[in-house]
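Source file: query.csv. Holds: CSV, C-alpha atoms and all ligand atoms.
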```csv
chain,number,residue,atom,x,y,z
O,13,MET,CA,-40.3,-23.7,-44.5
O,14,LYS,CA,-43.0,-21.5,-43.0
O,15,LEU,CA,-42.0,-18.1,-41.6
O,16,TYR,CA,-44.2,-16.4,-39.0
O,17,TYR,CA,-43.6,-12.7,-39.4
O,18,ALA,CA,-44.8,-9.1,-38.8
O,19,PRO,CA,-43.9,-6.5,-41.4
O,20,GLY,CA,-40.7,-4.6,-41.0
O,21,THR,CA,-39.5,-6.6,-38.0
O,22,CYS,CA,-36.3,-8.6,-37.6
O,23,ALA,CA,-38.2,-11.4,-39.3
O,24,LEU,CA,-37.3,-9.6,-42.5
O,25,ALA,CA,-33.7,-10.8,-42.3
O,26,VAL,CA,-34.9,-14.4,-42.0
O,27,HIS,CA,-37.3,-13.8,-44.9
O,28,ILE,CA,-34.3,-12.7,-47.0
O,29,ALA,CA,-32.3,-15.8,-46.1
O,30,LEU,CA,-35.3,-17.9,-47.2
O,31,ILE,CA,-35.3,-16.1,-50.6
O,32,TRP,CA,-31.5,-16.7,-50.8
O,33,SER,CA,-32.1,-20.4,-50.3
O,34,GLY,CA,-33.9,-20.5,-53.6
O,35,GLU,CA,-36.5,-23.0,-52.2
O,36,PRO,CA,-40.2,-22.4,-51.8
O,37,TYR,CA,-41.4,-20.9,-48.5
O,38,GLU,CA,-44.6,-19.9,-46.9
O,39,LEU,CA,-45.2,-16.6,-45.1
O,40,VAL,CA,-47.7,-16.3,-42.3
O,41,LYS,CA,-48.4,-12.7,-41.1
O,42,VAL,CA,-49.2,-12.8,-37.4
O,43,ASP,CA,-50.9,-10.6,-34.8
O,44,LEU,CA,-48.2,-10.4,-32.1
O,45,ALA,CA,-50.8,-9.8,-29.4
O,46,SER,CA,-53.0,-12.8,-30.3
O,47,GLU,CA,-53.4,-15.9,-28.2
O,48,THR,CA,-53.1,-17.9,-31.3
O,49,PHE,CA,-49.6,-16.7,-31.9
O,50,LYS,CA,-48.7,-17.0,-28.3
O,51,LYS,CA,-49.2,-20.8,-28.7
O,52,ILE,CA,-46.6,-20.7,-31.5
O,53,ASN,CA,-44.1,-18.6,-29.6
O,54,PRO,CA,-44.8,-18.0,-25.9
O,55,MET,CA,-42.7,-14.9,-26.1
O,56,SER,CA,-45.2,-13.4,-28.6
O,57,ALA,CA,-42.3,-12.3,-30.8
O,58,VAL,CA,-41.4,-12.9,-34.4
O,59,PRO,CA,-39.7,-14.5,-36.2
O,60,ALA,CA,-40.7,-18.1,-35.8
O,61,LEU,CA,-39.9,-20.7,-38.3
O,62,GLU,CA,-41.5,-24.1,-38.9
O,63,ASP,CA,-39.8,-26.9,-40.9
O,64,GLY,CA,-41.2,-30.4,-40.9
O,65,ASP,CA,-39.7,-32.5,-38.2
O,66,SER,CA,-37.8,-29.6,-36.7
O,67,GLY,CA,-41.1,-28.1,-35.5
O,68,ILE,CA,-41.3,-24.5,-34.4
O,69,MET,CA,-38.0,-22.7,-34.0
O,70,THR,CA,-37.4,-19.2,-32.7
O,71,GLN,CA,-34.6,-16.6,-32.3
O,72,ALA,CA,-33.7,-14.8,-35.5
O,73,ASP,CA,-29.9,-15.5,-35.5
O,74,SER,CA,-30.4,-19.2,-34.9
O,75,LEU,CA,-33.0,-19.3,-37.7
O,76,MET,CA,-30.6,-17.7,-40.1
O,77,ASN,CA,-28.0,-20.2,-39.1
O,78,TYR,CA,-30.5,-23.0,-39.6
O,79,ILE,CA,-31.4,-21.8,-43.1
O,80,SER,CA,-27.7,-21.2,-43.9
O,81,ALA,CA,-26.7,-24.7,-42.7
O,82,SER,CA,-29.6,-26.2,-44.6
O,83,TYR,CA,-28.3,-24.8,-47.9
O,84,PRO,CA,-24.5,-24.7,-47.5
O,85,ASP,CA,-24.0,-24.2,-51.2
O,86,LYS,CA,-25.6,-20.7,-50.9
O,87,GLN,CA,-22.8,-19.6,-48.6
O,88,MET,CA,-25.0,-17.3,-46.5
O,89,SER,CA,-22.7,-17.3,-43.5
O,90,GLY,CA,-19.1,-16.4,-43.2
O,91,ASP,CA,-16.0,-18.2,-44.4
O,92,THR,CA,-15.7,-21.8,-43.1
O,93,CYS,CA,-12.3,-21.5,-41.5
O,94,ILE,CA,-12.3,-21.1,-37.7
O,95,ASN,CA,-11.5,-17.4,-37.9
O,96,GLY,CA,-14.2,-16.8,-40.5
O,97,LYS,CA,-16.8,-18.6,-38.4
O,98,GLN,CA,-15.8,-16.6,-35.3
O,99,LYS,CA,-16.1,-13.3,-37.1
O,100,TYR,CA,-19.6,-14.3,-38.5
O,101,ASN,CA,-20.8,-15.5,-35.1
O,102,GLN,CA,-19.4,-12.4,-33.4
O,103,TRP,CA,-21.3,-10.0,-35.7
O,104,MET,CA,-24.5,-12.0,-35.6
O,105,ALA,CA,-24.3,-12.0,-31.8
O,106,PHE,CA,-23.6,-8.2,-31.8
O,107,ILE,CA,-26.6,-7.5,-34.0
O,108,SER,CA,-28.9,-9.9,-32.2
O,109,SER,CA,-28.0,-8.7,-28.7
O,110,ASP,CA,-26.3,-5.3,-28.6
O,111,LEU,CA,-27.9,-3.7,-31.6
O,112,HIS,CA,-31.4,-5.2,-31.2
O,113,SER,CA,-31.7,-4.6,-27.5
O,114,ALA,CA,-30.7,-1.0,-27.9
O,115,TYR,CA,-34.1,-0.5,-29.5
O,116,GLY,CA,-35.9,-2.0,-26.5
O,117,PRO,CA,-36.9,1.4,-25.1
O,118,VAL,CA,-38.0,2.7,-28.5
O,119,PHE,CA,-40.5,-0.1,-29.3
O,120,ASN,CA,-41.4,-1.2,-25.7
O,121,PRO,CA,-40.8,1.8,-23.4
O,122,GLN,CA,-43.4,0.3,-21.0
O,123,ARG,CA,-40.9,-2.5,-20.2
O,124,CYS,CA,-38.2,0.0,-19.3
O,125,THR,CA,-39.9,2.1,-16.6
O,126,ILE,CA,-42.1,1.3,-13.6
O,127,LYS,CA,-44.0,4.5,-14.1
O,128,GLN,CA,-46.4,4.1,-17.1
O,129,ASP,CA,-47.6,7.7,-17.5
O,130,GLU,CA,-47.0,9.5,-20.9
O,131,ASP,CA,-44.0,11.5,-19.7
O,132,SER,CA,-42.2,8.5,-18.2
O,133,LEU,CA,-42.8,6.5,-21.3
O,134,ALA,CA,-41.5,9.3,-23.5
O,135,ASN,CA,-38.4,9.6,-21.3
O,136,ALA,CA,-37.8,5.9,-21.5
O,137,LYS,CA,-38.0,6.1,-25.3
O,138,ALA,CA,-35.7,9.0,-25.4
O,139,SER,CA,-33.1,7.2,-23.3
O,140,ALA,CA,-32.5,4.8,-26.2
O,141,SER,CA,-30.5,7.4,-28.2
O,142,THR,CA,-27.3,7.2,-26.2
O,143,ARG,CA,-27.1,3.5,-26.5
O,144,LEU,CA,-28.0,3.5,-30.2
O,145,ARG,CA,-25.3,6.0,-30.9
O,146,ILE,CA,-22.7,3.7,-29.2
O,147,VAL,CA,-23.7,0.5,-31.0
O,148,PHE,CA,-24.1,2.2,-34.4
O,149,GLY,CA,-20.8,3.9,-33.8
O,150,VAL,CA,-19.2,0.5,-33.4
O,151,LEU,CA,-20.8,-0.8,-36.5
O,152,ASP,CA,-19.9,2.3,-38.5
O,153,LYS,CA,-16.2,2.0,-37.5
O,154,HIS,CA,-16.3,-1.7,-38.5
O,155,LEU,CA,-17.8,-0.9,-41.9
O,156,ASP,CA,-15.3,1.8,-42.7
O,157,GLY,CA,-13.7,0.5,-46.0
O,158,LYS,CA,-16.0,-2.5,-46.2
O,159,GLU,CA,-19.0,-3.2,-48.4
O,160,TYR,CA,-20.3,-6.1,-46.2
O,161,ILE,CA,-20.1,-7.0,-42.6
O,162,VAL,CA,-18.0,-10.1,-42.9
O,163,ALA,CA,-16.2,-12.1,-45.6
O,164,ASP,CA,-16.2,-9.4,-48.2
O,165,ARG,CA,-19.6,-10.7,-49.5
O,166,LEU,CA,-23.2,-10.8,-48.5
O,167,THR,CA,-24.0,-13.0,-45.5
O,168,CYS,CA,-27.0,-13.1,-43.2
O,169,ALA,CA,-25.3,-10.5,-41.0
O,170,ASP,CA,-26.0,-7.9,-43.7
O,171,PRO,CA,-29.8,-8.0,-43.9
O,172,PHE,CA,-29.9,-8.5,-40.1
O,173,ALA,CA,-28.0,-5.2,-39.7
O,174,TYR,CA,-30.1,-3.6,-42.6
O,175,ILE,CA,-33.4,-4.1,-40.9
O,176,MET,CA,-32.1,-2.6,-37.6
O,177,THR,CA,-30.7,0.4,-39.5
O,178,ARG,CA,-34.1,0.8,-41.1
O,179,TRP,CA,-35.6,1.3,-37.6
O,180,LEU,CA,-33.5,4.4,-37.1
O,181,THR,CA,-36.4,6.4,-38.6
O,182,TYR,CA,-38.3,5.6,-35.4
O,183,THR,CA,-35.7,7.4,-33.3
O,184,ASP,CA,-34.1,10.8,-33.1
O,185,VAL,CA,-30.8,9.3,-34.2
O,186,SER,CA,-30.0,10.1,-37.8
O,187,ILE,CA,-28.5,7.6,-40.2
O,188,ASP,CA,-26.3,10.6,-41.4
O,189,GLU,CA,-24.3,10.3,-38.2
O,190,PHE,CA,-23.0,7.0,-39.5
O,191,PRO,CA,-21.8,7.4,-43.1
O,192,HIS,CA,-20.5,3.8,-43.5
O,193,VAL,CA,-23.7,2.3,-42.0
O,194,LYS,CA,-25.6,4.6,-44.4
O,195,SER,CA,-23.6,3.3,-47.5
O,196,HIS,CA,-24.2,-0.3,-46.3
O,197,PHE,CA,-27.9,0.4,-45.9
O,198,GLN,CA,-28.2,2.0,-49.3
O,199,ARG,CA,-26.3,-1.0,-50.9
O,200,LEU,CA,-28.6,-3.5,-49.2
O,201,ALA,CA,-31.7,-1.6,-50.2
O,202,GLN,CA,-30.8,-2.3,-53.9
O,203,GLU,CA,-30.3,-6.1,-53.3
O,204,PRO,CA,-33.0,-8.1,-55.2
O,205,ALA,CA,-33.8,-10.3,-52.2
O,206,VAL,CA,-34.2,-7.3,-50.0
O,207,ILE,CA,-36.6,-5.7,-52.5
O,208,GLN,CA,-38.5,-8.9,-52.9
O,209,ALA,CA,-38.9,-9.4,-49.1
O,210,GLU,CA,-40.0,-5.8,-48.5
O,211,THR,CA,-42.4,-6.1,-51.4
O,212,GLU,CA,-43.9,-9.3,-50.0
O,213,GLN,CA,-44.2,-7.8,-46.6
O,214,GLY,CA,-45.9,-4.7,-48.0
O,215,ILE,CA,-43.3,-2.3,-46.8
O,216,ARG,CA,-41.9,-1.2,-50.1
Z,1,LIG,N1,-34.6,-12.6,-29.2
Z,1,LIG,C1,-35.6,-12.6,-30.2
Z,1,LIG,C2,-36.2,-11.3,-30.2
Z,1,LIG,C3,-37.4,-11.2,-31.2
Z,1,LIG,C4,-38.1,-9.9,-31.1
Z,1,LIG,O1,-38.0,-9.1,-30.2
Z,1,LIG,N2,-38.9,-9.6,-32.2
Z,1,LIG,C5,-39.6,-8.4,-32.2
Z,1,LIG,C6,-39.8,-7.9,-33.6
Z,1,LIG,S1,-38.2,-7.4,-34.2
Z,1,LIG,C7,-41.0,-8.7,-31.6
Z,1,LIG,O2,-41.7,-9.6,-32.1
Z,1,LIG,N3,-41.4,-8.0,-30.6
Z,1,LIG,C8,-42.7,-8.1,-30.0
Z,1,LIG,C9,-42.5,-8.0,-28.5
Z,1,LIG,O3,-41.4,-8.0,-28.0
Z,1,LIG,O4,-43.6,-7.9,-27.9
Z,1,LIG,C10,-35.1,-13.0,-31.6
Z,1,LIG,O5,-33.9,-12.7,-31.9
Z,1,LIG,O6,-35.8,-13.6,-32.4
```
Let's see the structure in the file written out as structure tokens.
Ligand SMILES: N[C@@H](CCC(=O)N[C@@H](CS)C(=O)NCC(=O)O)C(=O)O
Amino acid sequence: MKLYYAPGTCALAVHIALIWSGEPYELVKVDLASETFKKINPMSAVPALEDGDSGIMTQADSLMNYISASYPDKQMSGDTCINGKQKYNQWMAFISSDLHSAYGPVFNPQRCTIKQDEDSLANAKASASTRLRIVFGVLDKHLDGKEYIVADRLTCADPFAYIMTRWLTYTDVSIDEFPHVKSHFQRLAQEPAVIQAETEQGIR
């Protein structure tokens, strides 16, 4: 499989799933603003994944589900009973939508305000903190007494949440406000696949 990525983005979680697969993979670092990459993903966003006849695929959560389903023996998603699948899907959707979108004004304030002057953009960026505190508060409560997000073991939901916790450094929200998220983050930071992916992306 070939992963199109930019360092430190949500593509890191897909990268980690590829490492967990144990199979060879190829990394392609992209310039998000380039016309070349726009032809690969018209949304100019990473991750994108290419795999033989499946062609180019996008959307981080679906890519992790694709990798997980391709290597079922690696058990990268939740338990296979109906409740286990529901919990896994619920948390993947939470991370992919609620958590990820809370960062929208941080990384792309220009999309969140009609006025594009410096003050308006700074205000838009600052507006993210309230929402970030709500979503990380929900995750923190969920992680109270748990090592991992679902199934009492590592699944793709963990590196997916990990990378988004990592982005807190770009905000004025401190990880110290969320002790269970912080423990989860520190645990994940020691995982060999996380170390490998961060090293390969040049962010460790
Ligand atoms: N819904 C997409 C969102 C992907 C996304 O927003 N990726 C970010 C990096 S984490 C990106 O490439 N942003 C560039 C942009 O939005 O211009 C997914 O889940 O894959």
TODO: Could the residues that lie within 9 Å of ligand LIG 1 (chain Z), counting all atoms listed in the file, be listed as a VMD selection string?
DONE: chain O and resid 17 to 24 44 to 45 55 to 60 70 to 75 108 to 109 112 to 113 116 119 to 120 175 to 176
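Using all atoms listed in the file, the smallest distance between any of O:Arg145, O:Lys127, O:Arg199, O:His154 and Ser186 in chain O comes from O:Arg145.
Interatomic distance, CA of His192 in chain O against CA of Glu159 in chain O: 8.7 Å.
Closest approach to Asn101 in chain O among O:Ile215, O:Ile161, O:Ala209, O:Val185 is made by O:Ile161 (distances from all atoms listed in the file).
Closest approach to Trp179 in chain O from the set O:Ile31, O:Ala114, O:Ala105, O:Cys124 is made by O:Ala114, with distances taken over all atoms listed in the file.
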- [ ] Return the single residue from O:Glu130, O:Asp170, O:Asp65, O:Glu47 that is closest to Met104 in chain O, with distances computed using all atoms listed in the file.
- [x] O:Asp170
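For the pair CA of Gln202 in chain O and CA of Met76 in chain O, the interatomic distance is 20.7 Å.
Checking O:Asp129, O:Asp43, O:Glu210, O:Glu38 one by one against Glu62 in chain O, counting only C-alpha atoms, you find the shortest gap at O:Glu38.
The space between CA of Lys194 in chain O and CA of Tyr174 in chain O spans 9.5 Å.
The environment of range 88-95 of chain O within 9 Å, counting only C-alpha atoms and disregarding residues fewer than 4 places along the same chain, consists of Ala29, Trp32, Ser33, Met76, Asn77, Ile79, Ser80, Ala81, Tyr83, Pro84, Lys99, Tyr100, Asn101, Val162, Ala163, Arg165, Leu166, Thr167, Cys168 and Ala169 of chain O.
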Open item on the list: Nearest residue to Gly64 in chain O out of O:Thr48, O:Lys14, O:Gln213, O:Pro191, using only C-alpha atoms?
Closed with: O:Lys14
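Residues lying within 8 Å of Val118 in chain O, counting all atoms listed in the file and ignoring same-chain neighbours fewer than 5 positions away, are Ala136, Lys137, Ala138, Ala140, Tyr182 and Thr183 of chain O.
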TODO: Mind checking which residues fall within 12 Å of Asp152 in chain O, counting only C-alpha atoms, ignoring those fewer than 6 positions away in the same chain, and posting them as a ChimeraX atom specification?
DONE: /O:144-146,158-161,173,177,187-197
